[in-house]
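Here's my_file08.cif, which has mmCIF, N, CA and C atoms:
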```cif
data_protein
loop_
_atom_site.group_PDB
_atom_site.id
_atom_site.type_symbol
_atom_site.label_atom_id
_atom_site.label_comp_id
_atom_site.auth_asym_id
_atom_site.auth_seq_id
_atom_site.Cartn_x
_atom_site.Cartn_y
_atom_site.Cartn_z
ATOM 1 N N MET A 1 0.834 -1.175 0.000
ATOM 2 C CA MET A 1 0.000 0.000 0.000
ATOM 3 C C MET A 1 0.877 1.235 0.000
ATOM 4 N N HIS A 2 0.458 2.217 -0.677
ATOM 5 C CA HIS A 2 1.142 3.499 -0.769
ATOM 6 C C HIS A 2 0.878 4.306 0.485
ATOM 7 N N SER A 3 1.910 4.881 1.057
ATOM 8 C CA SER A 3 1.739 5.678 2.271
ATOM 9 C C SER A 3 2.377 7.035 2.091
ATOM 10 N N THR A 4 1.669 8.059 2.508
ATOM 11 C CA THR A 4 2.157 9.427 2.441
ATOM 12 C C THR A 4 2.256 9.946 3.868
ATOM 13 N N SER A 5 3.417 10.390 4.265
ATOM 14 C CA SER A 5 3.573 10.860 5.627
ATOM 15 C C SER A 5 2.935 12.229 5.793
ATOM 16 N N ALA A 6 2.613 12.571 7.038
ATOM 17 C CA ALA A 6 2.027 13.873 7.336
ATOM 18 C C ALA A 6 2.982 14.982 6.902
ATOM 19 N N ARG A 7 4.254 14.758 7.065
ATOM 20 C CA ARG A 7 5.245 15.758 6.664
ATOM 21 C C ARG A 7 5.122 16.051 5.168
ATOM 22 N N THR A 8 4.810 15.066 4.381
ATOM 23 C CA THR A 8 4.695 15.274 2.941
ATOM 24 C C THR A 8 3.590 16.261 2.601
ATOM 25 N N ILE A 9 2.413 16.130 3.190
ATOM 26 C CA ILE A 9 1.327 17.062 2.885
ATOM 27 C C ILE A 9 1.725 18.482 3.278
ATOM 28 N N PHE A 10 2.334 18.629 4.432
ATOM 29 C CA PHE A 10 2.742 19.963 4.852
ATOM 30 C C PHE A 10 3.914 20.476 4.027
ATOM 31 N N ASP A 11 4.813 19.583 3.605
ATOM 32 C CA ASP A 11 5.898 19.985 2.708
ATOM 33 C C ASP A 11 5.340 20.498 1.381
ATOM 34 N N VAL A 12 4.390 19.780 0.833
ATOM 35 C CA VAL A 12 3.809 20.172 -0.456
ATOM 36 C C VAL A 12 3.147 21.541 -0.346
ATOM 37 N N ILE A 13 2.377 21.735 0.703
ATOM 38 C CA ILE A 13 1.670 23.017 0.859
ATOM 39 C C ILE A 13 2.642 24.149 1.148
ATOM 40 N N THR A 14 3.620 23.915 2.024
ATOM 41 C CA THR A 14 4.559 24.998 2.312
ATOM 42 C C THR A 14 5.448 25.305 1.114
ATOM 43 N N ASP A 15 5.787 24.294 0.311
ATOM 44 C CA ASP A 15 6.529 24.561 -0.925
ATOM 45 C C ASP A 15 5.704 25.449 -1.852
ATOM 46 N N PHE A 16 4.416 25.148 -1.967
ATOM 47 C CA PHE A 16 3.535 25.974 -2.786
ATOM 48 C C PHE A 16 3.474 27.398 -2.247
ATOM 49 N N LEU A 17 3.277 27.552 -0.955
ATOM 50 C CA LEU A 17 3.188 28.898 -0.368
ATOM 51 C C LEU A 17 4.506 29.655 -0.487
ATOM 52 N N ALA A 18 5.628 28.949 -0.382
ATOM 53 C CA ALA A 18 6.943 29.587 -0.508
ATOM 54 C C ALA A 18 7.227 30.041 -1.933
ATOM 55 N N SER A 19 6.450 29.537 -2.896
ATOM 56 C CA SER A 19 6.645 29.955 -4.288
ATOM 57 C C SER A 19 6.016 31.317 -4.567
ATOM 58 N N ASP A 20 5.450 31.933 -3.533
ATOM 59 C CA ASP A 20 4.835 33.263 -3.628
ATOM 60 C C ASP A 20 3.722 33.294 -4.675
ATOM 61 N N PRO A 21 2.696 32.441 -4.479
ATOM 62 C CA PRO A 21 1.609 32.394 -5.464
ATOM 63 C C PRO A 21 0.808 33.691 -5.472
ATOM 64 N N THR A 22 0.222 33.990 -6.596
ATOM 65 C CA THR A 22 -0.689 35.130 -6.672
ATOM 66 C C THR A 22 -1.941 34.766 -5.870
ATOM 67 N N PRO A 23 -2.749 35.767 -5.510
ATOM 68 C CA PRO A 23 -4.003 35.448 -4.818
ATOM 69 C C PRO A 23 -4.868 34.479 -5.628
ATOM 70 N N GLU A 24 -4.904 34.648 -6.919
ATOM 71 C CA GLU A 24 -5.701 33.777 -7.780
ATOM 72 C C GLU A 24 -5.167 32.347 -7.781
ATOM 73 N N GLU A 25 -3.849 32.191 -7.807
ATOM 74 C CA GLU A 25 -3.244 30.856 -7.748
ATOM 75 C C GLU A 25 -3.534 30.194 -6.401
ATOM 76 N N LEU A 26 -3.494 30.988 -5.352
ATOM 77 C CA LEU A 26 -3.766 30.457 -4.027
ATOM 78 C C LEU A 26 -5.215 29.957 -3.936
ATOM 79 N N ILE A 27 -6.146 30.746 -4.426
ATOM 80 C CA ILE A 27 -7.558 30.366 -4.397
ATOM 81 C C ILE A 27 -7.807 29.115 -5.233
ATOM 82 N N ALA A 28 -7.099 28.975 -6.334
ATOM 83 C CA ALA A 28 -7.298 27.835 -7.237
ATOM 84 C C ALA A 28 -6.529 26.580 -6.816
ATOM 85 N N TYR A 29 -5.703 26.671 -5.785
ATOM 86 C CA TYR A 29 -4.836 25.552 -5.404
ATOM 87 C C TYR A 29 -5.623 24.289 -5.091
ATOM 88 N N ARG A 30 -5.122 23.183 -5.587
ATOM 89 C CA ARG A 30 -5.652 21.846 -5.304
ATOM 90 C C ARG A 30 -4.452 20.940 -4.988
ATOM 91 N N LEU A 31 -4.703 19.919 -4.203
ATOM 92 C CA LEU A 31 -3.644 18.950 -3.916
ATOM 93 C C LEU A 31 -3.197 18.268 -5.202
ATOM 94 N N PRO A 32 -1.923 17.899 -5.286
ATOM 95 C CA PRO A 32 -1.484 17.081 -6.418
ATOM 96 C C PRO A 32 -2.287 15.786 -6.449
ATOM 97 N N GLY A 33 -2.426 15.215 -7.621
ATOM 98 C CA GLY A 33 -3.255 14.028 -7.824
ATOM 99 C C GLY A 33 -2.929 12.867 -6.908
ATOM 100 N N ASP A 34 -1.637 12.606 -6.670
ATOM 101 C CA ASP A 34 -1.289 11.464 -5.826
ATOM 102 C C ASP A 34 -1.732 11.672 -4.383
ATOM 103 N N LEU A 35 -1.631 12.907 -3.896
ATOM 104 C CA LEU A 35 -2.069 13.166 -2.533
ATOM 105 C C LEU A 35 -3.593 13.150 -2.428
ATOM 106 N N GLN A 36 -4.275 13.659 -3.438
ATOM 107 C CA GLN A 36 -5.736 13.612 -3.428
ATOM 108 C C GLN A 36 -6.221 12.168 -3.464
ATOM 109 N N ALA A 37 -5.548 11.336 -4.243
ATOM 110 C CA ALA A 37 -5.904 9.918 -4.290
ATOM 111 C C ALA A 37 -5.702 9.270 -2.918
ATOM 112 N N ARG A 38 -4.646 9.653 -2.220
ATOM 113 C CA ARG A 38 -4.397 9.109 -0.882
ATOM 114 C C ARG A 38 -5.489 9.548 0.083
ATOM 115 N N VAL A 39 -5.884 10.804 0.021
ATOM 116 C CA VAL A 39 -6.978 11.289 0.873
ATOM 117 C C VAL A 39 -8.246 10.485 0.593
ATOM 118 N N ASP A 40 -8.560 10.335 -0.680
ATOM 119 C CA ASP A 40 -9.768 9.589 -1.065
ATOM 120 C C ASP A 40 -9.728 8.161 -0.513
ATOM 121 N N GLU A 41 -8.549 7.531 -0.611
ATOM 122 C CA GLU A 41 -8.389 6.163 -0.106
ATOM 123 C C GLU A 41 -8.607 6.115 1.409
ATOM 124 N N LEU A 42 -8.007 7.067 2.117
ATOM 125 C CA LEU A 42 -8.148 7.086 3.570
ATOM 126 C C LEU A 42 -9.587 7.350 3.994
ATOM 127 N N VAL A 43 -10.254 8.257 3.317
ATOM 128 C CA VAL A 43 -11.651 8.563 3.642
ATOM 129 C C VAL A 43 -12.527 7.338 3.422
ATOM 130 N N GLU A 44 -12.313 6.650 2.304
ATOM 131 C CA GLU A 44 -13.099 5.450 2.019
ATOM 132 C C GLU A 44 -12.866 4.375 3.080
ATOM 133 N N ARG A 45 -11.606 4.134 3.385
ATOM 134 C CA ARG A 45 -11.280 3.100 4.383
ATOM 135 C C ARG A 45 -11.783 3.500 5.764
ATOM 136 N N ASN A 46 -11.766 4.798 6.063
ATOM 137 C CA ASN A 46 -12.287 5.268 7.345
ATOM 138 C C ASN A 46 -13.780 4.985 7.445
ATOM 139 N N GLY A 47 -14.503 5.217 6.355
ATOM 140 C CA GLY A 47 -15.933 4.942 6.325
ATOM 141 C C GLY A 47 -16.244 3.472 6.544
ATOM 142 N N GLU A 48 -15.302 2.632 6.204
ATOM 143 C CA GLU A 48 -15.461 1.185 6.388
ATOM 144 C C GLU A 48 -14.873 0.716 7.723
ATOM 145 N N GLY A 49 -14.343 1.676 8.495
ATOM 146 C CA GLY A 49 -13.747 1.331 9.783
ATOM 147 C C GLY A 49 -12.475 0.529 9.675
ATOM 148 N N GLN A 50 -11.703 0.755 8.606
ATOM 149 C CA GLN A 50 -10.523 -0.075 8.345
ATOM 150 C C GLN A 50 -9.194 0.675 8.475
ATOM 151 N N LEU A 51 -9.168 1.789 9.186
ATOM 152 C CA LEU A 51 -7.907 2.521 9.308
ATOM 153 C C LEU A 51 -7.122 2.077 10.532
ATOM 154 N N THR A 52 -5.822 1.967 10.358
ATOM 155 C CA THR A 52 -4.933 1.753 11.497
ATOM 156 C C THR A 52 -4.799 3.079 12.233
ATOM 157 N N PHE A 53 -4.201 3.034 13.395
ATOM 158 C CA PHE A 53 -3.980 4.269 14.151
ATOM 159 C C PHE A 53 -3.154 5.259 13.333
ATOM 160 N N ASP A 54 -2.079 4.779 12.706
ATOM 161 C CA ASP A 54 -1.219 5.660 11.907
ATOM 162 C C ASP A 54 -1.983 6.276 10.730
ATOM 163 N N GLN A 55 -2.844 5.496 10.118
ATOM 164 C CA GLN A 55 -3.648 6.016 9.008
ATOM 165 C C GLN A 55 -4.666 7.040 9.504
ATOM 166 N N GLN A 56 -5.209 6.825 10.694
ATOM 167 C CA GLN A 56 -6.111 7.818 11.279
ATOM 168 C C GLN A 56 -5.373 9.133 11.498
ATOM 169 N N GLN A 57 -4.142 9.045 11.983
ATOM 170 C CA GLN A 57 -3.330 10.248 12.197
ATOM 171 C C GLN A 57 -3.025 10.935 10.868
ATOM 172 N N GLU A 58 -2.735 10.147 9.853
ATOM 173 C CA GLU A 58 -2.463 10.690 8.523
ATOM 174 C C GLU A 58 -3.699 11.418 7.989
ATOM 175 N N LEU A 59 -4.861 10.803 8.135
ATOM 176 C CA LEU A 59 -6.105 11.440 7.691
ATOM 177 C C LEU A 59 -6.348 12.726 8.466
ATOM 178 N N TYR A 60 -6.095 12.702 9.758
ATOM 179 C CA TYR A 60 -6.247 13.900 10.584
ATOM 180 C C TYR A 60 -5.329 15.019 10.079
ATOM 181 N N ASP A 61 -4.099 14.689 9.715
ATOM 182 C CA ASP A 61 -3.180 15.700 9.191
ATOM 183 C C ASP A 61 -3.690 16.276 7.871
ATOM 184 N N PHE A 62 -4.243 15.430 7.006
ATOM 185 C CA PHE A 62 -4.837 15.936 5.769
ATOM 186 C C PHE A 62 -5.989 16.885 6.085
ATOM 187 N N MET A 63 -6.799 16.518 7.077
ATOM 188 C CA MET A 63 -7.932 17.361 7.444
ATOM 189 C C MET A 63 -7.456 18.699 7.989
ATOM 190 N N ARG A 64 -6.428 18.689 8.819
ATOM 191 C CA ARG A 64 -5.874 19.945 9.356
ATOM 192 C C ARG A 64 -5.336 20.817 8.230
ATOM 193 N N ALA A 65 -4.630 20.227 7.299
ATOM 194 C CA ALA A 65 -4.086 20.975 6.167
ATOM 195 C C ALA A 65 -5.218 21.553 5.318
ATOM 196 N N ASP A 66 -6.270 20.769 5.107
ATOM 197 C CA ASP A 66 -7.413 21.244 4.333
ATOM 198 C C ASP A 66 -8.101 22.414 5.022
ATOM 199 N N GLU A 67 -8.269 22.337 6.335
ATOM 200 C CA GLU A 67 -8.883 23.437 7.084
ATOM 201 C C GLU A 67 -8.043 24.706 6.981
ATOM 202 N N MET A 68 -6.721 24.550 7.086
ATOM 203 C CA MET A 68 -5.836 25.704 6.988
ATOM 204 C C MET A 68 -5.937 26.348 5.608
ATOM 205 N N MET A 69 -5.926 25.526 4.567
ATOM 206 C CA MET A 69 -6.006 26.069 3.208
ATOM 207 C C MET A 69 -7.372 26.707 2.957
ATOM 208 N N ALA A 70 -8.429 26.131 3.496
ATOM 209 C CA ALA A 70 -9.764 26.715 3.332
ATOM 210 C C ALA A 70 -9.829 28.096 3.982
ATOM 211 N N MET A 71 -9.253 28.232 5.164
ATOM 212 C CA MET A 71 -9.234 29.545 5.831
ATOM 213 C C MET A 71 -8.381 30.533 5.041
ATOM 214 N N LEU A 72 -7.243 30.087 4.569
ATOM 215 C CA LEU A 72 -6.361 30.956 3.797
ATOM 216 C C LEU A 72 -7.043 31.432 2.512
ATOM 217 N N LYS A 73 -7.735 30.521 1.836
ATOM 218 C CA LYS A 73 -8.456 30.884 0.615
ATOM 219 C C LYS A 73 -9.577 31.870 0.923
ATOM 220 N N ALA A 74 -10.315 31.648 2.004
ATOM 221 C CA ALA A 74 -11.415 32.555 2.374
ATOM 222 C C ALA A 74 -10.883 33.948 2.697
ATOM 223 N N LYS A 75 -9.803 34.014 3.438
ATOM 224 C CA LYS A 75 -9.221 35.315 3.784
ATOM 225 C C LYS A 75 -8.680 36.018 2.542
ATOM 226 N N THR A 76 -8.130 35.253 1.624
ATOM 227 C CA THR A 76 -7.619 35.832 0.382
ATOM 228 C C THR A 76 -8.777 36.392 -0.448
ATOM 229 N N LYS A 77 -9.877 35.660 -0.517
ATOM 230 C CA LYS A 77 -11.055 36.144 -1.258
ATOM 231 C C LYS A 77 -11.588 37.426 -0.641
ATOM 232 N N LEU A 78 -11.652 37.493 0.693
ATOM 233 C CA LEU A 78 -12.110 38.716 1.365
ATOM 234 C C LEU A 78 -11.177 39.886 1.059
ATOM 235 N N ARG A 79 -9.887 39.622 1.102
ATOM 236 C CA ARG A 79 -8.915 40.673 0.801
ATOM 237 C C ARG A 79 -9.082 41.184 -0.623
ATOM 238 N N LEU A 80 -9.303 40.272 -1.565
ATOM 239 C CA LEU A 80 -9.498 40.684 -2.958
ATOM 240 C C LEU A 80 -10.778 41.508 -3.116
ATOM 241 N N ARG A 81 -11.825 41.152 -2.394
ATOM 242 C CA ARG A 81 -13.078 41.919 -2.465
ATOM 243 C C ARG A 81 -12.872 43.344 -1.952
ATOM 244 N N LYS A 82 -12.100 43.482 -0.877
ATOM 245 C CA LYS A 82 -11.826 44.820 -0.312
ATOM 246 C C LYS A 82 -11.017 45.660 -1.309
ATOM 247 N N ILE A 83 -10.097 45.031 -2.017
ATOM 248 C CA ILE A 83 -9.274 45.746 -3.001
ATOM 249 C C ILE A 83 -10.140 46.207 -4.169
ATOM 250 N N ASP A 84 -11.104 45.375 -4.569
ATOM 251 C CA ASP A 84 -11.960 45.690 -5.722
ATOM 252 C C ASP A 84 -12.943 46.817 -5.427
ATOM 253 N N ARG A 85 -13.152 47.145 -4.202
ATOM 254 C CA ARG A 85 -14.136 48.202 -3.875
ATOM 255 C C ARG A 85 -13.593 49.581 -4.114
#
```

Representation of the structure as C-alpha cells:
Amino acid sequence: MHSTSARTIFDVITDFLASDPTPEELIAYRLPGDLQARVDELVERNGEGQLTFDQQQELYDFMRADEMMAMLKAKTKLRLRKIDR
C-alpha cells in the first residue's frame, strides 16, 4: 500500500506557499493528484472502519491541512473583495 507521511502534505503546501503564489493561484490551489488519491483512499477506508492508528493520524493531518487552506483561501477572497471596492 502506498503511504504518504504527514510531513509530505505539509511539505507540499509549504513549498507551494513559498513559491509566492498570486491570490488567484492560491484560491485555485488543489492537492497534487497522488495526494488527493491518498486522501480519497483514507476517507473510504475510514468509512469502512478499516484505518490503522497511523492512518487515522495521517487522515487527521490531511484534514488539518485542508482546514488551513480553506481559511487561507477565504481570507484571500475577502482581501481581494476589499481591493476591488

Q. What is the distance between atom N of Gln57 in chain A and atom C of Arg45 in chain A, in Å to one decimal?
A. 11.3 Å

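Counting all atoms listed in the file and comparing A:Ala18, A:Met71, A:Leu59, A:Ala65, the residue that lies closest to Leu42 in chain A is A:Leu59.
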
Q: Run the PyMOL selection byres (((chain A and resi 27 and name CA) around 8) and name CA) mentally over the shown coordinates, then write out the matched residues as a PyMOL selection string, using the chain letters and numbers from the document.
A: chain A and resi 23-26+28-29+73+76-77

Q | Expected answer as an NGL selection string: helix (DSSP H, G or I) residues in chain A | A | :A and (6-18 or 23-28 or 33-47 or 53-84)

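Nearest-residue note for Ile9 in chain A: choosing from A:Phe62, A:Glu67, A:Ala74, A:Arg30, the minimum distance belongs to A:Phe62, counting only N, CA and C atoms.
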
With all atoms of range 16-24 of chain A from the file as input, state the centre and edge lengths in Å to one decimal of the axis-aligned box that has 3 Å extra on each side, as JSON.
```
{"center_x": 0.8, "center_y": 30.5, "center_z": -4.1, "size_x": 18.9, "size_y": 16.6, "size_z": 13.4}
```

**Q.** d(CA of Asp34 in chain A, atom C of Ile13 in chain A) in Å
**A.**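 According to the coordinates, CA of Asp34 in chain A and atom C of Ile13 in chain A are separated by 15.0 Å.
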
Q.
Rounded to one decimal, what separation in Å do you get between CA of Glu58 in chain A and atom C of Arg38 in chain A?
A.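 Pair CA of Glu58 in chain A / atom C of Arg38 in chain A returns 9.0 Å.
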
Q | Selected residue of minimal separation from Leu35 in chain A among A:Ile83, A:Val12, A:Leu17, A:Leu72, counting only C-alpha atoms | A | A:Val12

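The point (-7.8, 4.5, 7.9) has these residues within 8 Å of it when all atoms listed in the file are used: Glu41, Leu42, Val43, Glu44, Arg45, Asn46, Gly47, Glu48, Gly49, Gln50, Leu51, Thr52, Phe53, Asp54, Gln55, Gln56, Gln57, Glu58 and Leu59 of chain A.
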